[in-house]
>>> print(open('input_4.csv').read())   # CSV, C-alpha atoms
chain,number,residue,atom,x,y,z
A,1,MET,CA,6.0,-34.5,-36.1
A,2,LEU,CA,6.6,-37.2,-33.5
A,3,LYS,CA,9.1,-39.8,-34.8
A,4,ARG,CA,8.4,-42.6,-32.4
A,5,VAL,CA,5.5,-43.6,-30.3
A,6,THR,CA,5.9,-45.9,-27.3
A,7,LEU,CA,2.9,-48.1,-26.3
A,8,LEU,CA,1.5,-47.3,-22.9
A,9,GLY,CA,-0.1,-50.5,-21.6
A,10,VAL,CA,-1.3,-52.5,-24.6
A,11,ALA,CA,-2.2,-49.7,-27.0
A,12,ALA,CA,-0.6,-46.5,-28.2
A,13,PHE,CA,-1.8,-43.4,-26.4
A,14,ALA,CA,-4.1,-45.4,-24.1
A,15,ALA,CA,-6.3,-43.4,-21.8
A,16,VAL,CA,-5.8,-44.1,-18.2
A,17,SER,CA,-8.3,-43.1,-15.5
A,18,ILE,CA,-6.4,-41.3,-12.7
A,19,ALA,CA,-7.6,-39.0,-10.0
A,20,ALA,CA,-7.0,-35.2,-10.3
A,21,CYS,CA,-7.9,-33.1,-7.2
A,22,SER,CA,-8.5,-30.0,-9.2
A,23,ASP,CA,-8.5,-28.7,-12.8
A,24,LYS,CA,-4.8,-28.9,-13.1
A,25,LEU,CA,-1.8,-31.2,-12.3
A,26,GLU,CA,0.5,-30.2,-9.5
A,27,ALA,CA,3.6,-28.3,-10.6
A,28,GLY,CA,6.0,-30.6,-8.6
A,29,LEU,CA,8.2,-33.3,-10.0
A,30,SER,CA,5.8,-36.2,-9.2
A,31,CYS,CA,2.7,-37.5,-11.0
A,32,PRO,CA,-0.6,-35.8,-10.2
A,33,LEU,CA,-2.3,-36.4,-6.9
A,34,LEU,CA,-5.0,-39.0,-6.9
A,35,CYS,CA,-8.7,-38.4,-6.1
A,36,PRO,CA,-11.9,-39.6,-7.6
A,37,GLU,CA,-13.5,-36.6,-9.3
A,38,GLN,CA,-12.0,-36.6,-12.8
A,39,THR,CA,-10.6,-38.8,-15.5
A,40,VAL,CA,-7.3,-37.7,-17.0
A,41,THR,CA,-5.7,-39.1,-20.2
A,42,LEU,CA,-2.0,-39.9,-19.9
A,43,LEU,CA,-0.2,-40.2,-23.2
A,44,ASP,CA,3.3,-41.5,-23.7
A,45,THR,CA,5.7,-41.0,-26.6
A,46,THR,CA,9.4,-41.5,-27.3
A,47,ILE,CA,11.0,-39.2,-29.8
A,48,ASP,CA,14.4,-38.4,-31.4
A,49,ALA,CA,14.5,-35.0,-29.8
A,50,VAL,CA,18.3,-34.5,-29.7
A,51,VAL,CA,19.2,-32.5,-32.8
A,52,VAL,CA,22.8,-31.6,-31.9
A,53,ASP,CA,25.2,-33.4,-29.6
A,54,THR,CA,29.0,-33.2,-29.3
A,55,THR,CA,31.8,-33.7,-26.8
A,56,ILE,CA,34.3,-30.9,-25.9
A,57,THR,CA,37.7,-31.8,-24.5
A,58,GLY,CA,39.6,-29.7,-22.2
A,59,LEU,CA,36.9,-28.4,-19.9
A,60,PRO,CA,37.4,-26.9,-17.4
A,61,PRO,CA,40.1,-24.8,-19.3
A,62,ILE,CA,43.7,-25.2,-18.4
A,63,GLY,CA,44.5,-23.6,-15.1
A,64,THR,CA,40.9,-23.5,-13.8
A,65,GLU,CA,40.9,-27.0,-12.4
A,66,ASN,CA,40.1,-27.5,-8.8
A,67,PHE,CA,42.7,-30.2,-8.5
A,68,LEU,CA,46.1,-31.0,-9.9
A,69,MET,CA,46.0,-34.7,-10.8
A,70,LEU,CA,49.1,-36.9,-10.9
A,71,SER,CA,48.5,-40.2,-12.6
A,72,SER,CA,50.7,-43.1,-13.5
A,73,HIS,CA,49.2,-45.9,-15.5
A,74,GLY,CA,52.0,-46.8,-17.9
A,75,ASP,CA,51.2,-46.3,-21.6
A,76,THR,CA,47.5,-45.9,-20.7
A,77,LEU,CA,47.7,-42.6,-18.8
A,78,ASP,CA,50.4,-40.3,-17.5
A,79,THR,CA,49.5,-36.9,-16.1
A,80,ARG,CA,51.7,-34.4,-14.4
A,81,ALA,CA,51.4,-31.0,-12.7
A,82,ILE,CA,53.1,-27.7,-13.5
A,83,VAL,CA,53.5,-25.1,-10.7
A,84,ARG,CA,54.9,-21.6,-11.4
A,85,PHE,CA,56.7,-19.5,-8.9
A,86,ASP,CA,57.5,-16.5,-11.1
A,87,THR,CA,58.2,-14.1,-8.2
A,88,LEU,CA,60.6,-15.3,-5.5
A,89,PRO,CA,61.6,-13.4,-2.3
A,90,GLN,CA,65.2,-12.1,-2.0
A,91,THR,CA,65.1,-11.3,1.7
A,92,PHE,CA,64.3,-13.1,5.0
A,93,THR,CA,64.0,-12.1,8.6
A,94,ILE,CA,66.6,-13.1,11.2
A,95,ASN,CA,66.8,-11.6,14.7
A,96,ALA,CA,63.9,-9.4,13.7
A,97,VAL,CA,66.0,-7.8,10.9
A,98,ASP,CA,65.5,-8.2,7.2
A,99,SER,CA,68.5,-9.7,5.5
A,100,THR,CA,69.4,-10.6,1.9
A,101,ILE,CA,69.2,-14.3,1.0
A,102,THR,CA,72.8,-15.3,0.1
A,103,GLN,CA,72.5,-19.0,0.9
A,104,ILE,CA,69.7,-21.5,1.4
A,105,ASP,CA,69.8,-24.2,4.0
A,106,SER,CA,66.7,-26.1,2.8
A,107,ALA,CA,63.8,-25.8,0.4
A,108,TYR,CA,60.7,-27.9,0.0
A,109,LEU,CA,57.3,-28.1,-1.6
A,110,LEU,CA,54.3,-28.5,0.7
A,111,MET,CA,51.5,-30.2,-1.2
A,112,PRO,CA,48.0,-30.4,0.1
A,113,LEU,CA,46.4,-33.8,-0.6
A,114,LEU,CA,42.8,-34.2,-1.6
A,115,THR,CA,42.8,-37.9,-2.3
A,116,ASP,CA,40.4,-39.7,0.0
A,117,SER,CA,41.0,-43.1,1.5
A,118,THR,CA,39.0,-44.8,-1.3
A,119,HIS,CA,41.3,-43.6,-4.0
A,120,ARG,CA,44.6,-43.7,-2.1
A,121,PRO,CA,47.4,-45.6,-3.8
A,122,SER,CA,47.7,-49.1,-2.6
A,123,ALA,CA,51.5,-49.3,-2.9
A,124,PRO,CA,54.4,-46.8,-2.2
A,125,VAL,CA,54.7,-43.9,-4.6
A,126,THR,CA,57.5,-41.5,-5.4
A,127,ILE,CA,56.9,-37.8,-6.2
A,128,GLU,CA,59.6,-36.4,-8.4
A,129,ALA,CA,60.2,-32.6,-9.1
A,130,TYR,CA,61.8,-31.2,-12.2
A,131,ASP,CA,62.9,-27.7,-13.4
A,132,VAL,CA,60.5,-27.1,-16.3
A,133,ASP,CA,61.3,-23.4,-17.0
A,134,THR,CA,61.5,-22.8,-20.7
A,135,THR,CA,61.5,-20.0,-23.3
A,136,GLY,CA,59.5,-22.2,-25.6
A,137,ALA,CA,55.8,-23.1,-25.6
A,138,ASP,CA,55.4,-23.1,-21.9
A,139,THR,CA,51.8,-24.6,-21.9
A,140,SER,CA,52.5,-27.3,-24.5
A,141,SER,CA,52.3,-30.8,-23.0
A,142,ALA,CA,54.8,-32.2,-25.4
A,143,ALA,CA,57.3,-29.4,-24.8
A,144,LEU,CA,57.0,-29.6,-21.0
A,145,ALA,CA,57.2,-33.4,-21.0
A,146,SER,CA,60.6,-33.2,-22.6
A,147,LEU,CA,61.9,-31.3,-19.6
A,148,PHE,CA,61.3,-34.1,-17.2
A,149,ARG,CA,64.8,-35.4,-17.5
A,150,ALA,CA,67.9,-36.2,-15.3
A,151,ASP,CA,69.7,-32.9,-15.9
A,152,ARG,CA,66.7,-30.9,-14.7
A,153,PHE,CA,65.9,-33.1,-11.7
A,154,LEU,CA,65.2,-31.1,-8.5
A,155,GLY,CA,64.4,-33.7,-5.9
A,156,SER,CA,62.0,-36.6,-4.9
A,157,LYS,CA,60.6,-38.4,-2.0
A,158,THR,CA,58.9,-41.8,-1.6
A,159,PHE,CA,55.7,-42.2,0.5
A,160,ALA,CA,54.0,-45.2,2.0
A,161,PRO,CA,50.2,-45.3,1.3
A,162,GLU,CA,49.3,-44.8,5.0
A,163,SER,CA,51.4,-41.6,5.1
A,164,LEU,CA,49.3,-39.9,2.3
A,165,LEU,CA,47.0,-38.0,4.5
A,166,ASP,CA,46.5,-34.2,4.6
A,167,SER,CA,49.8,-33.0,3.0
A,168,ILE,CA,53.3,-34.1,1.9
A,169,ARG,CA,56.7,-32.4,1.7
A,170,VAL,CA,59.1,-32.9,-1.2
A,171,PRO,CA,62.6,-31.4,-0.8
A,172,ILE,CA,64.0,-29.7,-3.9
A,173,ASN,CA,67.6,-28.7,-4.9
A,174,THR,CA,68.8,-25.6,-2.9
A,175,ASP,CA,71.3,-24.6,-5.5
A,176,THR,CA,68.6,-24.2,-8.2
A,177,VAL,CA,66.4,-22.2,-5.8
A,178,LEU,CA,69.3,-20.0,-4.8
A,179,ASP,CA,70.2,-19.3,-8.4
A,180,ARG,CA,66.6,-18.2,-9.2
A,181,VAL,CA,66.4,-16.1,-6.0
A,182,THR,CA,69.7,-14.2,-6.5
A,183,ASN,CA,69.0,-13.7,-10.3
A,184,GLY,CA,65.4,-12.8,-9.9
A,185,THR,CA,64.2,-15.3,-12.4
A,186,HIS,CA,61.4,-17.9,-12.6
A,187,LEU,CA,61.2,-21.2,-10.7
A,188,ARG,CA,58.8,-23.5,-12.5
A,189,VAL,CA,58.4,-27.0,-11.2
A,190,GLY,CA,57.0,-30.1,-12.9
A,191,LEU,CA,55.7,-32.8,-10.6
A,192,LYS,CA,55.5,-36.5,-11.6
A,193,ILE,CA,54.2,-39.6,-9.7
A,194,VAL,CA,56.1,-42.9,-10.1
A,195,SER,CA,54.7,-46.2,-9.0
A,196,GLY,CA,55.2,-49.8,-9.6
A,197,SER,CA,51.5,-50.1,-10.2
A,198,GLY,CA,48.8,-47.7,-11.4
A,199,ALA,CA,48.4,-44.7,-9.1
A,200,ASP,CA,46.5,-41.4,-8.9
A,201,LEU,CA,47.0,-38.5,-6.5
A,202,ARG,CA,45.0,-35.3,-6.3
A,203,LEU,CA,46.9,-32.2,-5.2
A,204,GLY,CA,45.4,-28.9,-4.1
A,205,SER,CA,45.5,-26.0,-6.5
A,206,THR,CA,45.4,-22.2,-6.6
A,207,GLN,CA,41.9,-22.3,-8.1
A,208,LEU,CA,40.7,-24.3,-5.1
A,209,GLY,CA,42.4,-22.0,-2.6
A,210,ALA,CA,44.7,-24.7,-1.4
A,211,PRO,CA,47.9,-24.3,-3.5
A,212,ILE,CA,51.2,-26.0,-3.4
A,213,THR,CA,53.7,-23.7,-1.6
A,214,LEU,CA,57.5,-23.4,-1.7
A,215,THR,CA,59.2,-22.9,1.7
A,216,ILE,CA,62.7,-21.6,1.8
A,217,LYS,CA,64.9,-21.6,4.9
A,218,ALA,CA,67.8,-19.3,4.4
A,219,SER,CA,69.7,-20.0,7.6
A,220,LEU,CA,70.2,-22.6,10.3
A,221,ASP,CA,69.8,-19.9,12.9
A,222,SER,CA,66.8,-20.7,15.1
A,223,THR,CA,65.7,-17.0,14.9
A,224,ALA,CA,65.5,-17.1,11.1
A,225,THR,CA,62.0,-17.1,9.8
A,226,PRO,CA,61.3,-19.5,6.9
A,227,VAL,CA,59.8,-17.8,3.8
A,228,SER,CA,56.8,-19.4,2.1
A,229,VAL,CA,55.9,-18.6,-1.5
A,230,THR,CA,52.6,-19.3,-3.3
A,231,PRO,CA,52.3,-20.0,-7.1
A,232,LEU,CA,52.2,-17.0,-9.4
A,233,SER,CA,52.4,-16.7,-13.2
A,234,SER,CA,53.7,-13.7,-15.1
A,235,THR,CA,53.0,-15.0,-18.6
A,236,PRO,CA,51.5,-14.3,-21.0
A,237,LYS,CA,53.1,-10.9,-20.4
A,238,ASP,CA,50.8,-7.9,-20.0
A,239,GLN,CA,47.7,-10.2,-20.0
A,240,PRO,CA,47.1,-10.9,-16.3
A,241,PHE,CA,43.6,-12.3,-17.0
A,242,LEU,CA,45.3,-15.1,-18.9
A,243,ALA,CA,48.4,-15.4,-16.8
A,244,GLY,CA,46.6,-15.8,-13.5
A,245,PRO,CA,45.0,-19.2,-14.1
A,246,LEU,CA,48.4,-20.6,-15.3
A,247,ALA,CA,49.9,-20.4,-11.8
A,248,ASP,CA,49.3,-24.2,-11.7
A,249,TYR,CA,47.8,-26.7,-14.0
A,250,THR,CA,47.7,-30.3,-15.2
A,251,ILE,CA,49.2,-31.7,-18.4
A,252,VAL,CA,48.6,-35.0,-20.1
A,253,VAL,CA,51.8,-36.7,-21.3
A,254,THR,CA,50.4,-40.0,-22.5
A,255,GLY,CA,47.0,-41.5,-22.8
A,256,GLY,CA,43.8,-39.6,-22.8
A,257,THR,CA,41.1,-40.8,-25.0
A,258,GLY,CA,40.2,-38.9,-28.1
A,259,ALA,CA,36.7,-37.8,-28.8
A,260,THR,CA,34.9,-39.7,-31.5
A,261,PRO,CA,31.6,-38.5,-33.3
A,262,GLU,CA,29.9,-41.8,-32.4
A,263,LEU,CA,30.3,-41.3,-28.6
A,264,LEU,CA,29.5,-38.7,-26.0
A,265,GLY,CA,32.3,-38.6,-23.4
A,266,VAL,CA,32.0,-37.4,-19.8
A,267,GLY,CA,35.0,-37.0,-17.5
A,268,GLY,CA,38.3,-38.7,-18.5
A,269,VAL,CA,41.7,-37.1,-19.0
A,270,PRO,CA,41.9,-34.5,-20.3
A,271,SER,CA,38.4,-33.8,-18.9
A,272,ARG,CA,35.5,-33.5,-21.3
A,273,ARG,CA,31.8,-32.5,-21.2
A,274,SER,CA,29.1,-33.3,-23.6
A,275,TYR,CA,26.4,-31.0,-25.1
A,276,LEU,CA,22.9,-32.0,-26.2
A,277,LYS,CA,20.4,-29.7,-27.8
A,278,PHE,CA,16.7,-30.6,-28.1
A,279,ASP,CA,14.0,-29.9,-30.6
A,280,LEU,CA,10.5,-30.8,-29.3
A,281,PRO,CA,7.2,-30.3,-31.1
A,282,SER,CA,5.5,-27.2,-29.8
A,283,ARG,CA,2.2,-29.1,-29.3
A,284,LEU,CA,4.1,-31.2,-26.7
A,285,VAL,CA,5.8,-28.4,-24.9
A,286,ASP,CA,3.1,-25.7,-25.1
A,287,SER,CA,-0.2,-27.6,-25.3
A,288,THR,CA,0.2,-30.3,-22.7
A,289,THR,CA,1.1,-30.8,-19.1
A,290,ILE,CA,4.2,-32.8,-19.0
A,291,VAL,CA,4.3,-35.4,-16.2
A,292,ARG,CA,7.6,-37.1,-17.0
A,293,ALA,CA,10.5,-36.4,-19.3
A,294,SER,CA,13.3,-39.1,-19.4
A,295,LEU,CA,16.5,-38.8,-21.5
A,296,GLU,CA,17.4,-42.3,-22.5
A,297,LEU,CA,21.1,-42.9,-23.3
A,298,THR,CA,23.1,-46.0,-24.1
A,299,GLN,CA,26.3,-46.4,-22.2
A,300,VAL,CA,29.2,-48.3,-23.8
A,301,PRO,CA,32.2,-49.6,-21.8
A,302,ASN,CA,35.4,-47.7,-21.4
A,303,ARG,CA,38.0,-49.9,-19.8
A,304,ARG,CA,41.1,-47.8,-20.3
A,305,VAL,CA,41.6,-46.6,-16.7
A,306,ASP,CA,39.9,-47.6,-13.5
A,307,PRO,CA,36.8,-49.2,-15.2
A,308,LEU,CA,35.2,-50.2,-11.9
A,309,ASP,CA,35.8,-46.8,-10.1
A,310,SER,CA,32.3,-45.3,-10.3
A,311,VAL,CA,31.7,-41.6,-10.8
A,312,TYR,CA,28.6,-39.4,-10.8
A,313,VAL,CA,27.3,-38.0,-14.1
A,314,TYR,CA,25.3,-34.8,-13.8
A,315,PRO,CA,22.8,-33.5,-16.4
A,316,LEU,CA,23.0,-29.7,-16.1
A,317,ALA,CA,21.0,-27.0,-17.9
A,318,VAL,CA,22.9,-24.7,-20.2
A,319,LEU,CA,22.3,-21.1,-19.0
A,320,ALA,CA,24.2,-19.1,-21.7
A,321,ALA,CA,22.1,-16.8,-23.8
A,322,PRO,CA,21.0,-18.3,-27.2
A,323,ALA,CA,23.2,-15.7,-28.9
A,324,VAL,CA,26.2,-17.7,-27.7
A,325,THR,CA,26.8,-20.4,-30.3
A,326,ASP,CA,30.3,-21.6,-29.5
A,327,VAL,CA,29.8,-25.0,-27.7
A,328,SER,CA,33.0,-24.7,-25.6
A,329,THR,CA,31.6,-21.4,-24.2
A,330,LEU,CA,28.1,-22.8,-23.7
A,331,LEU,CA,29.5,-25.6,-21.6
A,332,GLN,CA,31.0,-23.2,-19.1
A,333,PHE,CA,27.7,-21.6,-18.2
A,334,LEU,CA,25.8,-24.4,-16.5
A,335,SER,CA,23.2,-24.8,-13.7
A,336,ASN,CA,24.2,-26.1,-10.3
A,337,ASN,CA,24.1,-29.8,-9.4
A,338,GLY,CA,20.5,-30.7,-8.6
A,339,GLN,CA,19.0,-27.4,-10.0
A,340,PHE,CA,15.7,-27.9,-11.9
A,341,GLY,CA,15.4,-31.3,-10.1
A,342,LEU,CA,18.0,-32.9,-12.3
A,343,ASP,CA,19.4,-36.0,-10.6
A,344,SER,CA,22.8,-37.6,-11.2
A,345,LEU,CA,23.6,-41.2,-11.9
A,346,LEU,CA,26.5,-43.2,-10.3
A,347,LEU,CA,28.1,-45.1,-13.2
A,348,ALA,CA,31.2,-47.2,-13.6
A,349,PRO,CA,33.3,-46.6,-16.8
A,350,GLY,CA,33.4,-50.3,-17.7
A,351,ASP,CA,29.7,-50.9,-17.5
A,352,SER,CA,27.1,-50.7,-20.4
A,353,GLY,CA,23.4,-50.6,-20.9
A,354,GLN,CA,20.6,-48.1,-21.0
A,355,ARG,CA,20.8,-45.1,-18.6
A,356,VAL,CA,17.9,-42.8,-17.9
A,357,PHE,CA,18.2,-39.2,-16.7
A,358,GLN,CA,15.0,-37.5,-15.4
A,359,LEU,CA,14.6,-34.0,-17.0
A,360,VAL,CA,11.0,-33.2,-16.2
A,361,GLY,CA,11.9,-30.2,-14.0
A,362,LEU,CA,13.8,-28.6,-16.8
A,363,VAL,CA,11.5,-29.5,-19.7
A,364,ARG,CA,8.5,-27.9,-17.9
A,365,THR,CA,10.4,-24.6,-17.8
A,366,TRP,CA,10.3,-24.6,-21.6
A,367,HIS,CA,6.4,-24.3,-21.6
A,368,LEU,CA,5.4,-21.2,-23.7
A,369,GLN,CA,9.0,-19.9,-23.6
A,370,PRO,CA,10.6,-18.8,-26.9
A,371,LEU,CA,14.0,-20.2,-27.7
A,372,THR,CA,15.5,-16.7,-27.4
A,373,VAL,CA,14.7,-16.9,-23.7
A,374,SER,CA,15.1,-20.5,-22.8
A,375,PRO,CA,17.6,-22.5,-24.8
A,376,ARG,CA,16.6,-26.2,-24.9
A,377,SER,CA,20.0,-27.8,-24.2
A,378,ILE,CA,21.8,-29.6,-21.4
A,379,ALA,CA,25.4,-30.6,-20.6
A,380,LEU,CA,26.6,-33.9,-19.1
A,381,ARG,CA,29.4,-33.4,-16.6
A,382,SER,CA,31.4,-35.7,-14.4
A,383,GLY,CA,31.2,-35.2,-10.6
A,384,ALA,CA,34.9,-36.2,-10.5
A,385,GLU,CA,36.0,-33.8,-13.2
A,386,GLY,CA,39.7,-33.3,-13.0
A,387,GLN,CA,39.9,-35.6,-10.0
A,388,LEU,CA,39.7,-39.1,-11.4
A,389,PRO,CA,40.7,-40.5,-14.8
A,390,GLY,CA,37.6,-42.7,-15.4
A,391,GLU,CA,35.4,-41.7,-18.4
A,392,ILE,CA,31.8,-42.5,-19.1
A,393,ASP,CA,30.8,-42.9,-22.7
A,394,PHE,CA,27.4,-42.8,-24.3
A,395,VAL,CA,26.3,-43.5,-27.9
A,396,SER,CA,25.6,-40.2,-29.8
A,397,THR,CA,23.2,-39.4,-32.6
A,398,LYS,CA,25.9,-40.5,-35.0
A,399,GLY,CA,26.0,-44.0,-33.5
A,400,PRO,CA,23.8,-47.0,-34.4
A,401,VAL,CA,20.1,-46.0,-34.8
A,402,GLU,CA,18.8,-48.3,-32.2
A,403,LEU,CA,21.2,-47.0,-29.6
A,404,ARG,CA,20.9,-43.2,-30.2
A,405,PRO,CA,19.7,-40.8,-27.5
A,406,ARG,CA,15.9,-40.5,-27.1
A,407,LEU,CA,13.5,-38.5,-25.0
A,408,ARG,CA,10.5,-40.2,-23.5
A,409,ILE,CA,7.6,-37.9,-22.6
A,410,THR,CA,4.6,-38.7,-20.5
A,411,TYR,CA,2.0,-35.9,-20.7
A,412,VAL,CA,-1.6,-34.9,-20.3
A,413,PRO,CA,-3.2,-33.1,-23.2
A,414,GLN,CA,-5.2,-29.9,-22.3
A,415,THR,CA,-8.4,-31.6,-23.6
A,416,SER,CA,-8.2,-33.8,-20.5
A,417,PHE,CA,-9.1,-30.7,-18.4
A,418,GLY,CA,-11.9,-29.5,-20.6
A,419,VAL,CA,-9.6,-27.3,-22.8
A,420,PRO,CA,-10.5,-27.8,-26.5
>>> encode(input="input_4.csv", output="structure tokens")
Amino acid sequence: MLKRVTLLGVAAFAAVSIAACSDKLEAGLSCPLLCPEQTVTLLDTTIDAVVVDTTITGLPPIGTENFLMLSSHGDTLDTRAIVRFDTLPQTFTINAVDSTITQIDSAYLLMPLLTDSTHRPSAPVTIEAYDVDTTGADTSSAALASLFRADRFLGSKTFAPESLLDSIRVPINTDTVLDRVTNGTHLRVGLKIVSGSGADLRLGSTQLGAPITLTIKASLDSTATPVSVTPLSSTPKDQPFLAGPLADYTIVVTGGTGATPELLGVGGVPSRRSYLKFDLPSRLVDSTTIVRASLELTQVPNRRVDPLDSVYVYPLAVLAAPAVTDVSTLLQFLSNNGQFGLDSLLLAPGDSGQRVFQLVGLVRTWHLQPLTVSPRSIALRSGAEGQLPGEIDFVSTKGPVELRPRLRITYVPQTSFGVP
């Protein structure tokens, strides 16, 4: 049963004379074409169609991020990057002959930069590197954060904003690298950004195909060839499908907003996605022609980090089979941006007000489709996921009644076309 009815014009369910050029509406995303032969009744209703909504934190999963994000915003936000070099070369080429590495003249990390000019730090920043190899919980943010200390310092370099272009080099301690090379052990590096003011920097990742590389020069001889190493993880042992993504990843040391039942969070750090499941009356989905379907959400301000730095929010269809019930899994099987005609909105975290996402292209696909074939659910995802710390928050179905999500449907009943 419909829970709310919105007035169209001055009366509920008012009949409007429009032109229809044939016995059906066009299947496109716009309203029907106009021509003089036939009167069509347009009805409009707003319903509480969202029956399940929740926010899942930590998506994409650790190690599958397209970017490594370094952030420094004091007590508000501090994120760092972990890069694993679990296999190191023990030989190099000099005078066209392979030789064993017994000394290292220099070693540095080459870091691809993906930060555009809009989000480039406005003041000098320092990138610090630390030895974060541990036998403990090697993916625990708390355990790894404790290893960023003076006795594990590997090196640093300060960069002016104008020098942050395509890539940067940070030298690291040659004694530490030589020790790991000669003993055949891990070199695991933690990266931290230090700034007198808030700063963010996006680094390339293995997932993106633009990883941070370690370059070792074992001799001053001009004929010696430097050796470059890309990230590789060997743990968890005997589980390469889990170890592979952990070649490099981002950790959150401080900050990061926690999900609350009253809000649907999108983006932020650690990144989050929101899930909404719909339940529409069958007489709306199956016995009408839907002209417009608008998801109405209420945004509330989130001013923790970069409140004015706008990000795109995308509504995406959930494509996982209905047999999948775990929401974290569901939110990893999504349509592409723009698929089903679902448009994004550019929103600033610090803003508030009603936001409307057009879903008609997706809702029309539910016509006469059983739930076992076409799950009626969407995800909300940030276009800057894992790249920027800004988070967009909407009121959920557990928030104040007047601010909860609603679906507004404009439709034509089949009787308008002579169907009883």
>>> closest_atom_pairs(input="input_4.csv", of="segment 243-323 of chain A", to="segment 347-350 of chain A", cutoff="12 Å", atoms="all atoms listed in the file", output="tab-separated table")
residue	atom	partner	partner_atom	distance
A:Gly265	CA	A:Pro349	CA	10.4
A:Val266	CA	A:Pro349	CA	9.8
A:Gly267	CA	A:Pro349	CA	9.8
A:Gly268	CA	A:Pro349	CA	9.5
A:Gln299	CA	A:Pro349	CA	8.8
A:Val300	CA	A:Gly350	CA	7.7
A:Pro301	CA	A:Gly350	CA	4.3
A:Asn302	CA	A:Gly350	CA	4.9
A:Arg303	CA	A:Gly350	CA	5.1
A:Arg304	CA	A:Gly350	CA	8.5
A:Val305	CA	A:Pro349	CA	8.3
A:Asp306	CA	A:Pro349	CA	7.4
A:Pro307	CA	A:Gly350	CA	4.4
A:Leu308	CA	A:Ala348	CA	5.3
A:Asp309	CA	A:Ala348	CA	5.8
A:Ser310	CA	A:Ala348	CA	4.0
A:Val311	CA	A:Leu347	CA	5.6
A:Tyr312	CA	A:Leu347	CA	6.2
A:Val313	CA	A:Leu347	CA	7.2
A:Tyr314	CA	A:Leu347	CA	10.7
>>> atom_distance(input="input_4.csv", atom1="atom CA of Asn337 of chain A", atom2="atom CA of Val285 of chain A")
24.0 Å
>>> atom_distance(input="input_4.csv", atom1="atom CA of Tyr411 of chain A", atom2="atom CA of Ser287 of chain A")
9.7 Å
>>> closest_residue(input="input_4.csv", among="A:Thr54, A:Ser72, A:Thr45, A:Thr213", to="Gly198 of chain A", atoms="all atoms listed in the file")
A:Ser72
>>> atom_distance(input="input_4.csv", atom1="atom CA of Ser141 of chain A", atom2="atom CA of Thr260 of chain A")
21.3 Å
>>> residues_around(input="input_4.csv", residues="segment 109-114 of chain A", least_positions_apart="4", cutoff="8 Å", atoms="all atoms listed in the file", output="list in words")
Phe67, Leu164, Leu165, Asp166, Ser167, Ile168, Arg169, Val170, Pro171, Ile172, Leu201, Arg202, Leu203, Gly204, Ala210, Pro211, Ile212, Thr213, Leu214 and Thr215 of chain A
>>> closest_residue(input="input_4.csv", among="A:Ile409, A:Leu368, A:Leu359, A:Val194", to="Asp286 of chain A", atoms="all atoms listed in the file")
A:Leu368
>>> residues_near_point(input="input_4.csv", point="(43.0, -23.9, -11.1)", cutoff="9 Å", atoms="all atoms listed in the file", output="PyMOL selection string")
chain A and resi 60-68+204-209+245-250
>>> closest_atom_pairs(input="input_4.csv", of="segment 235-303 of chain A", to="segment 323-327 of chain A", cutoff="10 Å", atoms="only C-alpha atoms", output="CSV")
residue,atom,partner,partner_atom,distance
A:Ser274,CA,A:Val327,CA,9.3
A:Tyr275,CA,A:Val327,CA,7.4
A:Leu276,CA,A:Val327,CA,9.9
>>> write_last_selection(input="input_4.csv", atoms="C-alpha atoms", output="PDB file, in the frame of the given file")
ATOM      1  CA  SER A 274      29.100 -33.300 -23.600  1.00  0.00           C
ATOM      2  CA  TYR A 275      26.400 -31.000 -25.100  1.00  0.00           C
ATOM      3  CA  LEU A 276      22.900 -32.000 -26.200  1.00  0.00           C
TER       4      LEU A 276
END
>>> closest_residue(input="input_4.csv", among="A:Thr298, A:Pro315, A:Ser335, A:Leu70", to="Asp351 of chain A", atoms="all atoms listed in the file")
A:Thr298
>>> decode(input="input_4.csv", residues="segment 184-191 of chain A", atoms="N, CA and C atoms", output="short mmCIF file (atom, residue, chain, number, x, y, z; two decimals), in the first residue's frame")
data_model
loop_
_atom_site.label_atom_id
_atom_site.label_comp_id
_atom_site.auth_asym_id
_atom_site.auth_seq_id
_atom_site.Cartn_x
_atom_site.Cartn_y
_atom_site.Cartn_z
N GLY A 184 68.46 -11.84 3.08
CA GLY A 184 67.28 -12.37 2.38
C GLY A 184 66.00 -12.21 3.15
N THR A 185 65.85 -11.09 3.84
CA THR A 185 64.65 -10.86 4.65
C THR A 185 63.81 -9.71 4.07
N HIS A 186 62.68 -9.45 4.71
CA HIS A 186 61.73 -8.45 4.23
C HIS A 186 62.25 -7.03 4.41
N LEU A 187 61.84 -6.17 3.51
CA LEU A 187 61.93 -4.73 3.72
C LEU A 187 60.51 -4.20 3.57
N ARG A 188 59.97 -3.72 4.67
CA ARG A 188 58.61 -3.18 4.66
C ARG A 188 58.67 -1.74 5.14
N VAL A 189 58.18 -0.86 4.30
CA VAL A 189 58.35 0.57 4.52
C VAL A 189 57.01 1.23 4.83
N GLY A 190 57.00 2.06 5.86
CA GLY A 190 55.84 2.88 6.18
C GLY A 190 56.11 4.31 5.79
N LEU A 191 55.15 4.95 5.13
CA LEU A 191 55.30 6.32 4.64
C LEU A 191 54.34 7.24 5.36
#
